[in-house]
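Dropping coords15.cif in here (mmCIF, C-alpha atoms and all ligand atoms):
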data_structure
#
loop_
_atom_site.label_atom_id
_atom_site.label_comp_id
_atom_site.auth_asym_id
_atom_site.auth_seq_id
_atom_site.Cartn_x
_atom_site.Cartn_y
_atom_site.Cartn_z
CA MET A 1 -40.77 104.25 18.60
CA GLN A 2 -41.34 105.24 22.25
CA VAL A 3 -44.73 103.53 22.37
CA LEU A 4 -43.13 100.20 23.14
CA SER A 5 -42.03 101.55 26.50
CA VAL A 6 -45.65 102.27 27.46
CA LYS A 7 -46.43 99.82 30.24
CA MET A 8 -49.78 98.17 29.76
CA ALA A 9 -51.39 95.03 28.44
CA GLN A 10 -50.02 94.53 24.97
CA PRO A 11 -52.59 93.37 22.45
CA THR A 12 -51.75 90.21 20.59
CA THR A 13 -51.25 90.08 16.84
CA ARG A 14 -54.63 88.43 16.43
CA GLN A 15 -56.38 91.36 18.05
CA VAL A 16 -55.59 93.58 15.10
CA GLU A 17 -57.84 91.37 13.00
CA VAL A 18 -60.87 93.15 14.46
CA LEU A 19 -59.57 96.35 12.84
CA ASN A 20 -58.75 94.70 9.52
CA LYS A 21 -62.39 93.59 9.24
CA LEU A 22 -63.83 97.09 9.52
CA ASN A 23 -65.03 98.88 6.41
CA PHE A 24 -63.93 102.48 5.87
CA GLU A 25 -66.91 104.08 7.64
CA GLU A 26 -66.63 101.77 10.66
CA PHE A 27 -62.88 102.25 10.85
CA VAL A 28 -63.16 106.04 10.85
CA GLU A 29 -66.04 105.94 13.32
CA LYS A 30 -64.14 103.75 15.79
CA LEU A 31 -60.69 105.28 15.33
CA GLY A 32 -61.80 108.82 14.55
CA ASN A 33 -60.56 110.23 17.85
CA ILE A 34 -57.32 108.30 18.32
CA VAL A 35 -55.75 111.64 17.51
CA GLU A 36 -58.07 114.15 19.16
CA LYS A 37 -60.70 115.56 16.80
CA SER A 38 -58.65 114.44 13.80
CA PRO A 39 -60.61 111.68 12.00
CA MET A 40 -58.56 112.44 8.88
CA VAL A 41 -55.73 110.42 10.46
CA ALA A 42 -57.86 107.25 10.63
CA ALA A 43 -59.25 107.96 7.15
CA ALA A 44 -55.72 108.20 5.76
CA VAL A 45 -54.34 104.98 7.25
CA TRP A 46 -57.34 102.79 6.38
CA SER A 47 -55.88 102.21 2.91
CA LYS A 48 -52.75 100.71 4.53
CA ARG A 49 -54.72 97.61 5.62
CA PRO A 50 -54.31 94.75 6.23
CA PHE A 51 -52.24 95.48 9.33
CA CYS A 52 -50.20 92.67 10.84
CA SER A 53 -50.22 94.05 14.39
CA LEU A 54 -51.48 96.97 16.39
CA GLN A 55 -47.94 98.34 16.36
CA ASP A 56 -48.21 98.29 12.57
CA VAL A 57 -51.37 100.45 12.74
CA HIS A 58 -49.60 102.82 15.08
CA LYS A 59 -46.59 102.98 12.77
CA ALA A 60 -48.84 103.86 9.82
CA ILE A 61 -50.37 106.65 11.90
CA GLY A 62 -46.93 107.83 13.00
CA ASP A 63 -45.66 107.84 9.40
CA PHE A 64 -48.70 109.83 8.28
CA ILE A 65 -48.21 112.40 11.06
CA ASP A 66 -44.45 112.61 10.42
CA GLY A 67 -45.18 113.28 6.74
CA LEU A 68 -47.35 116.31 7.52
CA PRO A 69 -45.91 119.76 6.92
CA ILE A 70 -45.06 121.77 10.04
CA TYR A 71 -48.37 123.65 9.90
CA GLY A 72 -50.20 120.29 9.76
CA LYS A 73 -48.41 119.12 12.90
CA GLU A 74 -49.21 122.40 14.61
CA GLY A 75 -52.84 121.91 13.55
CA LEU A 76 -52.92 118.47 15.21
CA LEU A 77 -51.53 119.92 18.42
CA ARG A 78 -54.24 122.61 18.37
CA CYS A 79 -56.93 119.92 18.24
CA PHE A 80 -56.16 118.71 21.77
CA PRO A 81 -57.94 120.45 24.62
CA ASP A 82 -55.92 122.21 27.30
CA LEU A 83 -54.95 120.05 30.25
CA ALA A 84 -57.05 121.27 33.19
CA GLY A 85 -58.49 124.02 30.99
CA LYS A 86 -61.92 125.55 30.52
CA LEU A 87 -63.38 122.44 28.83
CA THR A 88 -62.16 120.30 31.74
CA ARG A 89 -63.84 122.60 34.28
CA GLU A 90 -67.04 122.74 32.24
CA GLY A 91 -67.22 118.96 31.68
CA ARG A 92 -67.03 119.43 27.89
CA LEU A 93 -64.03 117.22 27.04
CA SER A 94 -64.28 114.22 24.72
CA ALA A 95 -64.83 110.90 26.53
CA ASP A 96 -61.21 109.92 25.81
CA SER A 97 -59.77 113.13 27.15
CA THR A 98 -62.04 113.06 30.22
CA GLY A 99 -60.68 109.63 31.23
CA GLU A 100 -57.10 110.71 30.59
CA GLN A 101 -57.33 113.98 32.50
CA ARG A 102 -59.13 112.23 35.36
CA SER A 103 -56.38 109.59 35.60
CA ALA A 104 -53.80 112.37 35.99
CA GLY A 105 -55.80 113.94 38.82
CA LEU A 106 -56.71 117.05 36.83
CA PHE A 107 -60.29 117.01 38.10
CA ASP A 108 -59.04 117.27 41.68
CA LEU A 109 -56.82 120.33 41.56
CA THR A 110 -56.63 122.94 44.28
CA THR A 111 -57.47 126.47 43.20
CA GLU A 112 -53.77 127.31 43.33
CA GLU A 113 -52.79 124.36 41.11
CA GLN A 114 -55.53 125.27 38.67
CA THR A 115 -54.36 128.88 38.52
CA ASN A 116 -50.73 127.85 37.98
CA ILE A 117 -51.55 125.44 35.17
CA ALA A 118 -53.91 127.94 33.50
CA ARG A 119 -51.25 130.68 33.65
CA LEU A 120 -48.56 128.41 32.18
CA ASN A 121 -50.91 127.02 29.50
CA SER A 122 -51.67 130.60 28.38
CA ARG A 123 -48.01 131.60 28.31
CA TYR A 124 -47.20 128.43 26.36
CA LYS A 125 -49.90 129.15 23.76
CA GLU A 126 -48.80 132.76 23.48
CA LYS A 127 -45.20 131.72 22.82
CA PHE A 128 -45.79 128.79 20.42
CA GLY A 129 -49.26 129.36 18.92
CA PHE A 130 -50.41 125.81 19.73
CA ARG A 131 -51.26 123.89 22.87
CA PHE A 132 -49.02 122.16 25.37
CA VAL A 133 -49.62 118.44 24.73
CA LEU A 134 -48.58 115.70 27.11
CA CYS A 135 -49.85 112.16 27.63
CA ALA A 136 -51.93 112.58 30.79
CA ARG A 137 -52.30 108.84 31.38
CA LEU A 138 -48.55 108.54 31.82
CA ASN A 139 -48.22 111.56 34.11
CA LYS A 140 -49.71 112.88 37.33
CA LYS A 141 -50.56 116.52 37.98
CA ASP A 142 -47.15 117.38 39.49
CA ALA A 143 -45.32 116.01 36.44
CA ILE A 144 -47.68 117.98 34.18
CA LEU A 145 -46.95 121.20 36.02
CA ALA A 146 -43.21 120.46 35.97
CA GLY A 147 -43.40 119.64 32.24
CA LEU A 148 -45.11 122.92 31.49
CA LYS A 149 -42.52 124.87 33.45
CA THR A 150 -39.62 123.18 31.64
CA ARG A 151 -40.97 122.85 28.13
CA ILE A 152 -42.02 126.48 27.91
CA ASN A 153 -38.31 127.31 27.65
CA ASN A 154 -37.81 125.14 24.56
CA SER A 155 -37.71 126.31 20.96
CA LYS A 156 -40.76 126.00 18.72
CA ASP A 157 -39.12 123.18 16.73
CA GLU A 158 -38.39 121.22 19.91
CA GLU A 159 -41.96 121.68 21.10
CA ILE A 160 -43.49 120.52 17.84
CA LYS A 161 -41.31 117.41 18.07
CA THR A 162 -42.07 116.79 21.76
CA GLY A 163 -45.79 117.56 21.44
CA ILE A 164 -46.15 115.23 18.44
CA GLY A 165 -44.26 112.52 20.36
CA GLU A 166 -46.76 112.90 23.22
CA ALA A 167 -49.69 112.85 20.77
CA LYS A 168 -48.38 109.49 19.47
CA LYS A 169 -48.29 108.06 23.01
CA ILE A 170 -51.89 109.23 23.58
CA CYS A 171 -52.79 107.68 20.24
CA TRP A 172 -51.24 104.32 21.16
CA LEU A 173 -53.17 104.08 24.43
CA ARG A 174 -56.43 105.07 22.68
CA LEU A 175 -55.77 102.47 19.98
CA VAL A 176 -55.38 99.75 22.60
CA ASP A 177 -58.66 100.93 24.18
CA VAL A 178 -60.50 100.76 20.85
CA VAL A 179 -59.28 97.22 20.18
CA GLN A 180 -60.15 96.07 23.67
CA ARG A 181 -63.66 97.62 23.44
CA GLU A 182 -64.08 96.09 19.99
CA ARG A 183 -63.00 92.63 21.20
CA VAL A 184 -65.47 92.82 24.07
CA GLY A 185 -68.17 93.75 21.53
CA VAL A 186 -67.21 90.85 19.25
CA ILE A 187 -67.24 88.38 22.15
CA ALA A 188 -70.57 89.74 23.44
CA ASN A 189 -72.13 89.23 20.01
CA LEU A 190 -70.94 85.65 19.57
N1 LIG A 201 -53.25 119.17 25.96
C1 LIG A 201 -53.19 117.83 26.09
O1 LIG A 201 -52.13 117.24 26.19
N2 LIG A 201 -54.37 117.19 26.11
C2 LIG A 201 -54.46 115.85 26.30
N3 LIG A 201 -53.48 114.98 26.79
C3 LIG A 201 -54.07 113.81 27.06
O2 LIG A 201 -53.51 112.83 27.53
N4 LIG A 201 -55.39 113.88 26.74
C4 LIG A 201 -55.69 115.13 26.27
O3 LIG A 201 -56.76 115.57 25.90
#

Full structure transcribed into structure tokens:
Amino acid sequence: MQVLSVKMAQPTTRQVEVLNKLNFEEFVEKLGNIVEKSPMVAAAVWSKRPFCSLQDVHKAIGDFIDGLPIYGKEGLLRCFPDLAGKLTREGRLSADSTGEQRSAGLFDLTTEEQTNIARLNSRYKEKFGFRFVLCARLNKKDAILAGLKTRINNSKDEEIKTGIGEAKKICWLRLVDVVQRERVGVIANL
């Protein structure tokens, strides 16, 4: 899985124990947005506990997503907000998405960059019927614009595959965040 190429602090095996201790409600509350606005994903994988590593959690999520019918995958892609879209401009993104879009520089676009991305996002949605999804934490604004320009020429099947691959990268980074926040909480309460 591509996630292993994501460069950042890798959680240790022991860190997954904080997730194994959560009851269903806590698990869904804390992991409810690891795939944007799709708490069903966390709800589904909870029954796969105990997990032996964070990679194991991510694999369970990946397997669940891969098992969805095409229209389910398209549905997941529709749950992400546009990159540099209306919600970004209006400050109405989820906390996760706000941090991700900020890290890619999408809050500091020139008017021209904003217009270009908005135009391409609309064309993309018109062609495929779902949103262009790309892991903003692993890309800067120029790469996002270039990605939009290239990927818009792909077939629908290719874009479902690529978009879902990007959603899994976003999910991995959010999972690491949850565990790190949770560990800090556990340590603070000792
Ligand atoms: N459309 C899209 O890719 N949105 C997202 N990507 C990301 O890294 N965070 C998002 O909300």

Residues at most 8 Å from Ile61 of chain A, counting only C-alpha atoms, excluding those fewer than 5 positions away in the same chain, as an NGL selection string? :A and (41-42 or 45)

Distance of atom CA of Asn154 of chain A from atom CA of Arg89 of chain A, expressed in Å to one decimal place: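 Atom CA of Asn154 of chain A lies 27.9 Å from atom CA of Arg89 of chain A.
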
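Note that atom CA of Cys79 of chain A and atom CA of Thr111 of chain A are 25.8 Å apart.
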
Sort by chain and increasing residue number a table of all residues of chain A within 9 Å of ligand LIG 201 (chain A), each with its closest pair of atoms and their distance in Å to one decimal, counting all atoms listed in the file, and write it as a Markdown table.
| residue | atom | partner | partner_atom | distance |
| --- | --- | --- | --- | --- |
| A:Glu36 | CA | A:LIG201 | O3 | 7.0 |
| A:Leu77 | CA | A:LIG201 | N1 | 7.8 |
| A:Arg78 | CA | A:LIG201 | N1 | 8.4 |
| A:Cys79 | CA | A:LIG201 | N1 | 8.6 |
| A:Phe80 | CA | A:LIG201 | N2 | 4.9 |
| A:Pro81 | CA | A:LIG201 | N1 | 5.0 |
| A:Asp82 | CA | A:LIG201 | N1 | 4.3 |
| A:Leu83 | CA | A:LIG201 | N1 | 4.7 |
| A:Ala84 | CA | A:LIG201 | N1 | 8.4 |
| A:Gly85 | CA | A:LIG201 | N1 | 8.7 |
| A:Leu93 | CA | A:LIG201 | O3 | 7.5 |
| A:Ser94 | CA | A:LIG201 | O3 | 7.7 |
| A:Asp96 | CA | A:LIG201 | N4 | 7.1 |
| A:Ser97 | CA | A:LIG201 | O3 | 4.1 |
| A:Thr98 | CA | A:LIG201 | O3 | 7.3 |
| A:Gly99 | CA | A:LIG201 | N4 | 8.1 |
| A:Glu100 | CA | A:LIG201 | O2 | 5.2 |
| A:Gln101 | CA | A:LIG201 | N4 | 6.1 |
| A:Ala104 | CA | A:LIG201 | O2 | 8.5 |
| A:Asn121 | CA | A:LIG201 | N1 | 8.9 |
| A:Arg131 | CA | A:LIG201 | N1 | 6.0 |
| A:Phe132 | CA | A:LIG201 | N1 | 5.2 |
| A:Val133 | CA | A:LIG201 | O1 | 3.1 |
| A:Leu134 | CA | A:LIG201 | O1 | 4.0 |
| A:Cys135 | CA | A:LIG201 | O2 | 3.7 |
| A:Ala136 | CA | A:LIG201 | O2 | 3.6 |
| A:Arg137 | CA | A:LIG201 | O2 | 5.7 |
| A:Leu138 | CA | A:LIG201 | O2 | 7.8 |
| A:Asn139 | CA | A:LIG201 | O2 | 8.5 |
| A:Gly163 | CA | A:LIG201 | O1 | 7.9 |
| A:Glu166 | CA | A:LIG201 | O1 | 7.5 |
| A:Ala167 | CA | A:LIG201 | O1 | 7.4 |
| A:Lys169 | CA | A:LIG201 | O2 | 8.4 |
| A:Ile170 | CA | A:LIG201 | O2 | 5.6 |
| A:Cys171 | CA | A:LIG201 | O2 | 9.0 |

Considering all atoms listed in the file, can you say which of A:Arg181, A:Lys86, A:Lys168, A:Lys73 comes closest to Lys156 of chain A?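 Closest to Lys156 of chain A, using all atoms listed in the file: A:Lys73.
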
Would you please work out which residue, of A:Lys30, A:Lys141, A:Lys161, A:Lys127, is nearest to Ile70 of chain A when using all atoms listed in the file?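 Of the candidates, the smallest distance to Ile70 of chain A is held by A:Lys161.
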
For Leu76 of chain A, the nearest of the candidates A:Asn20, A:Ser38, A:Ser103, A:Gln180, counting only C-alpha atoms: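 Among A:Asn20, A:Ser38, A:Ser103, A:Gln180, it is A:Ser38 that comes nearest to Leu76 of chain A.
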
Which of these, A:Glu25, A:Thr88, A:Glu17, A:Ala146, has the shortest distance to Asp56 of chain A once you count only C-alpha atoms? A:Glu17

Protein, DNA and RNA residues within 6 Å of (-56.3, 94.7, 22.4), all atoms listed in the file, as a VMD selection string: chain A and resid 11 15 176 179 to 180

Among listed residues A:Arg123, A:Phe130, A:Leu173, A:Gly72, nearest Ile152 of chain A (using all atoms listed in the file): A:Arg123

Dump as a VMD selection string all residues having an atom at most 8 Å from (-62.8, 103.7, 20.7), computed in the file's coordinates with only C-alpha atoms. chain A and resid 30 to 31 33 to 34 174 to 175 177 to 179 181 to 182

The selected residues should be written to file as a PDB file, in the coordinates of the input (atoms: C-alpha atoms).
ATOM      1  CA  LYS A  30     -64.140 103.750  15.790  1.00  0.00           C
ATOM      2  CA  LEU A  31     -60.690 105.280  15.330  1.00  0.00           C
ATOM      3  CA  ASN A  33     -60.560 110.230  17.850  1.00  0.00           C
ATOM      4  CA  ILE A  34     -57.320 108.300  18.320  1.00  0.00           C
ATOM      5  CA  ARG A 174     -56.430 105.070  22.680  1.00  0.00           C
ATOM      6  CA  LEU A 175     -55.770 102.470  19.980  1.00  0.00           C
ATOM      7  CA  ASP A 177     -58.660 100.930  24.180  1.00  0.00           C
ATOM      8  CA  VAL A 178     -60.500 100.760  20.850  1.00  0.00           C
ATOM      9  CA  VAL A 179     -59.280  97.220  20.180  1.00  0.00           C
ATOM     10  CA  ARG A 181     -63.660  97.620  23.440  1.00  0.00           C
ATOM     11  CA  GLU A 182     -64.080  96.090  19.990  1.00  0.00           C
TER      12      GLU A 182
END
